[in-house]
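Source file: structure_3.cif (mmCIF, C-alpha atoms)
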data_my_file
loop_
_atom_site.label_atom_id
_atom_site.label_comp_id
_atom_site.auth_asym_id
_atom_site.auth_seq_id
_atom_site.Cartn_x
_atom_site.Cartn_y
_atom_site.Cartn_z
CA MET A 1 -9.56 -21.39 13.19
CA THR A 2 -6.94 -21.05 10.46
CA ASP A 3 -3.57 -19.56 11.33
CA VAL A 4 -2.83 -16.28 9.62
CA TYR A 5 0.62 -14.81 9.32
CA VAL A 6 1.39 -11.14 8.85
CA ALA A 7 4.74 -10.25 7.35
CA ARG A 8 6.25 -6.82 7.54
CA GLN A 9 8.51 -5.50 4.83
CA PRO A 10 10.56 -2.38 5.53
CA ILE A 11 10.18 0.58 3.20
CA PHE A 12 13.21 2.83 2.95
CA ASP A 13 13.45 6.49 2.11
CA ASN A 14 16.14 7.96 -0.15
CA GLU A 15 18.52 8.15 2.85
CA MET A 16 18.05 4.39 3.46
CA ARG A 17 16.18 5.01 6.72
CA ILE A 18 13.09 2.94 7.50
CA ALA A 19 10.11 5.08 6.50
CA GLY A 20 7.52 2.48 7.45
CA TYR A 21 6.54 -1.14 7.07
CA GLU A 22 4.27 -2.69 4.49
CA LEU A 23 2.04 -5.29 6.11
CA LEU A 24 1.66 -8.41 4.01
CA TYR A 25 -0.60 -11.45 4.20
CA ARG A 26 1.06 -14.85 4.34
CA SER A 27 -0.82 -18.15 4.42
CA GLY A 28 1.86 -19.98 6.40
CA ALA A 29 5.06 -19.56 8.35
CA GLU A 30 7.19 -20.63 5.38
CA SER A 31 5.20 -18.72 2.76
CA SER A 32 6.99 -15.94 0.90
CA ARG A 33 3.98 -14.71 -1.06
CA ALA A 34 0.28 -14.08 -0.69
CA ASP A 35 -1.94 -16.85 -1.95
CA GLY A 36 -5.00 -18.86 -1.15
CA ALA A 37 -7.56 -16.14 -0.48
CA SER A 38 -9.32 -13.21 -2.12
CA ASP A 39 -7.81 -9.73 -1.91
CA GLU A 40 -10.58 -8.71 0.48
CA GLN A 41 -9.99 -11.72 2.75
CA MET A 42 -6.22 -11.19 2.81
CA THR A 43 -6.59 -7.49 3.64
CA GLY A 44 -9.17 -8.20 6.32
CA ASP A 45 -6.98 -10.86 7.93
CA VAL A 46 -3.94 -8.57 7.92
CA LEU A 47 -5.88 -5.72 9.51
CA VAL A 48 -7.50 -7.84 12.21
CA HIS A 49 -4.29 -9.59 13.20
CA ALA A 50 -1.99 -6.56 12.96
CA PHE A 51 -4.28 -4.12 14.74
CA LEU A 52 -6.19 -6.32 17.18
CA GLY A 53 -3.95 -9.34 17.65
CA ILE A 54 -0.31 -8.31 17.50
CA GLY A 55 -0.74 -4.57 17.92
CA ILE A 56 0.08 -2.06 15.21
CA ASP A 57 2.65 -0.14 17.26
CA ARG A 58 4.49 -3.38 18.00
CA MET A 59 4.41 -4.35 14.30
CA THR A 60 5.67 -1.02 13.00
CA GLU A 61 7.82 0.28 15.86
CA GLY A 62 6.06 3.64 15.66
CA THR A 63 6.54 4.15 11.92
CA PRO A 64 3.59 4.29 9.51
CA CYS A 65 2.21 1.02 8.21
CA PHE A 66 1.45 0.66 4.55
CA VAL A 67 -1.80 -1.25 4.05
CA THR A 68 -2.92 -2.46 0.65
CA LEU A 69 -6.62 -2.08 -0.01
CA PRO A 70 -8.36 -3.70 -2.97
CA GLN A 71 -10.51 -1.48 -5.14
CA SER A 72 -13.75 -2.62 -3.48
CA MET A 73 -12.51 -1.51 -0.03
CA ILE A 74 -11.38 1.84 -1.43
CA LEU A 75 -14.75 2.48 -3.04
CA ASP A 76 -16.70 1.29 0.01
CA GLU A 77 -14.57 3.51 2.30
CA HIS A 78 -13.53 0.67 4.62
CA TYR A 79 -10.36 2.65 5.29
CA THR A 80 -12.31 4.97 7.62
CA LEU A 81 -11.91 2.31 10.33
CA LEU A 82 -8.15 3.00 10.31
CA ASP A 83 -6.33 5.86 12.01
CA PRO A 84 -4.97 8.16 9.27
CA ARG A 85 -1.99 9.04 11.51
CA LYS A 86 -0.83 5.41 11.57
CA VAL A 87 -1.56 4.11 8.08
CA ILE A 88 -0.70 4.88 4.51
CA ILE A 89 -3.19 3.37 2.09
CA GLU A 90 -1.57 1.55 -0.80
CA VAL A 91 -3.27 1.58 -4.18
CA LEU A 92 -2.25 -1.47 -6.18
CA GLU A 93 -1.38 -1.33 -9.84
CA SER A 94 -4.46 -3.51 -10.44
CA VAL A 95 -6.83 -0.78 -9.17
CA ALA A 96 -8.55 0.72 -12.20
CA CYS A 97 -8.23 4.46 -12.68
CA THR A 98 -11.92 5.31 -13.10
CA PRO A 99 -13.90 8.43 -12.16
CA GLU A 100 -15.25 6.47 -9.17
CA THR A 101 -11.76 5.56 -8.01
CA GLU A 102 -10.53 9.12 -8.40
CA ALA A 103 -13.50 10.43 -6.39
CA ALA A 104 -12.86 7.85 -3.66
CA LEU A 105 -9.17 8.80 -3.47
CA GLU A 106 -10.11 12.47 -3.29
CA ARG A 107 -12.41 11.72 -0.31
CA MET A 108 -9.67 9.63 1.27
CA ALA A 109 -7.15 12.46 1.00
CA ALA A 110 -9.72 14.95 2.33
CA HIS A 111 -10.09 12.75 5.44
CA GLY A 112 -6.34 13.06 6.07
CA TYR A 113 -5.22 9.69 4.73
CA ARG A 114 -1.89 9.44 2.96
CA ILE A 115 -1.92 7.50 -0.29
CA ALA A 116 0.82 5.41 -1.83
CA LEU A 117 0.84 4.12 -5.40
CA ASP A 118 2.32 0.63 -5.39
CA ASP A 119 4.53 -0.70 -8.20
CA PHE A 120 3.84 2.47 -10.15
CA GLU A 121 4.52 2.49 -13.89
CA LEU A 122 4.56 5.55 -16.13
CA LEU A 123 1.55 4.51 -18.16
CA PRO A 124 -0.88 7.12 -19.53
CA GLU A 125 -3.84 5.46 -17.80
CA ARG A 126 -2.05 5.60 -14.40
CA LEU A 127 -0.86 9.22 -14.52
CA PRO A 128 -4.13 10.76 -13.18
CA LEU A 129 -3.54 8.91 -9.89
CA LEU A 130 -0.33 10.86 -9.24
CA ARG A 131 -2.27 13.89 -8.02
CA PHE A 132 -3.44 11.86 -4.99
CA ALA A 133 -0.08 10.28 -4.16
CA ASP A 134 1.96 11.15 -1.11
CA VAL A 135 4.26 8.20 -1.82
CA VAL A 136 5.11 6.51 -5.10
CA LYS A 137 6.64 3.06 -4.80
CA ILE A 138 8.68 1.82 -7.74
CA ASP A 139 9.77 -1.76 -8.25
CA VAL A 140 13.44 -1.35 -9.16
CA LEU A 141 14.40 -4.98 -9.68
CA ASP A 142 13.64 -5.29 -13.39
CA LYS A 143 14.46 -1.76 -14.47
CA SER A 144 17.61 -0.42 -16.05
CA SER A 145 19.27 2.65 -14.56
CA GLU A 146 18.04 4.65 -17.60
CA GLU A 147 14.45 3.59 -16.94
CA LEU A 148 14.74 4.47 -13.26
CA LYS A 149 16.24 7.85 -14.08
CA ARG A 150 13.32 8.61 -16.42
CA VAL A 151 10.76 7.59 -13.80
CA VAL A 152 12.40 9.64 -11.06
CA GLU A 153 12.73 12.71 -13.31
CA THR A 154 9.06 12.44 -14.28
CA LEU A 155 7.94 12.12 -10.68
#
Let me see the file written as structure tokens.
Amino acid sequence: MTDVYVARQPIFDNEMRIAGYELLYRSGAESSRADGASDEQMTGDVLVHAFLGIGIDRMTEGTPCFVTLPQSMILDEHYTLLDPRKVIIEVLESVACTPETEAALERMAAHGYRIALDDFELLPERLPLLRFADVVKIDVLDKSSEELKRVVETL
């Protein structure tokens, strides 16, 4: 059996309080990024180890966990195995904004799941997803203060 490592990255609110933890796949103890497996395999490994192995409450200290699902798992409704009170489903920037995706996100929201848009950019093709978002995550590292101000004002 291959060792699987689950990293947790804190997510802060605008008051700099921990709002939850993003659960991340790591292929080794020294790994700082996800690599070596498909998106579906990485997500499956994270879910199995965090929920069944380590324990989700232990991993997140009672805060919500942010779980990234690839498009296939969103469309196939694999998220229904997760407790909507404990998870926030992250939609990656690579998930295509199609009528099928929008319908799946609408069903997800109707089932009580919270949805986060990860690494969101103000692109015309991404804007329709905003109506499903409870959380919008913005990568601030490569943005000027003017760009960030524009994004925040738009949101």
Nearest to Pro10 in chain A: which of A:Phe66, A:Gly55, A:Asp134, A:Ser94 is it, counting all atoms listed in the file?
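Closest to Pro10 in chain A of all the choices is A:Phe66.
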Which of A:Ile88, A:Leu155, A:Leu69, A:Met108 sits closest to Glu121 in chain A [using all atoms listed in the file]
A:Leu155
For the PyMOL selection byres ((chain A and resi 137-154) around 9), applied here, can you spell out every residue it catches as an MDAnalysis selection string?
chainID A and resid 116:122 135:136 155
Write the residues of the selection above to a file with C-alpha atoms, as a short mmCIF file (atom, residue, chain, number, x, y, z; two decimals), in the frame of the given file.
data_model
loop_
_atom_site.label_atom_id
_atom_site.label_comp_id
_atom_site.auth_asym_id
_atom_site.auth_seq_id
_atom_site.Cartn_x
_atom_site.Cartn_y
_atom_site.Cartn_z
CA ALA A 116 0.82 5.41 -1.83
CA LEU A 117 0.84 4.12 -5.40
CA ASP A 118 2.32 0.63 -5.39
CA ASP A 119 4.53 -0.70 -8.20
CA PHE A 120 3.84 2.47 -10.15
CA GLU A 121 4.52 2.49 -13.89
CA LEU A 122 4.56 5.55 -16.13
CA VAL A 135 4.26 8.20 -1.82
CA VAL A 136 5.11 6.51 -5.10
CA LEU A 155 7.94 12.12 -10.68
#
Residue among A:Glu125, A:Glu77, A:Glu90, A:Asp83 lying closest to Leu24 in chain A, counting all atoms listed in the file:
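Of A:Glu125, A:Glu77, A:Glu90, A:Asp83, the one nearest Leu24 in chain A is A:Glu90, counting all atoms listed in the file.
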Once the PyMOL selection byres ((chain A and resi 96) around 12) has been evaluated on this model, what residues remain selected, and can you format them as a ChimeraX atom specification?
/A:70-72,74-75,91-95,97-102,104-105,125-129
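Counting only C-alpha atoms and comparing A:Lys86, A:Arg131, A:Arg17, A:Arg107, the residue that lies closest to Thr60 in chain A is A:Lys86.
Atom to atom, CA of Thr80 in chain A and CA of Arg114 in chain A stand 12.3 Å apart.
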What is the CA of Ala109 in chain A-CA of Leu130 in chain A distance in Å, reported with one decimal?
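We find that CA of Ala109 in chain A and CA of Leu130 in chain A lie 12.4 Å from each other.
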Centre, edges in Å (one decimal): axis-aligned box, range 85-93 of chain A, 6 Å padding on all six sides, as JSON:
{"center_x": -2.0, "center_y": 3.8, "center_z": 0.9, "size_x": 14.6, "size_y": 22.5, "size_z": 33.4}
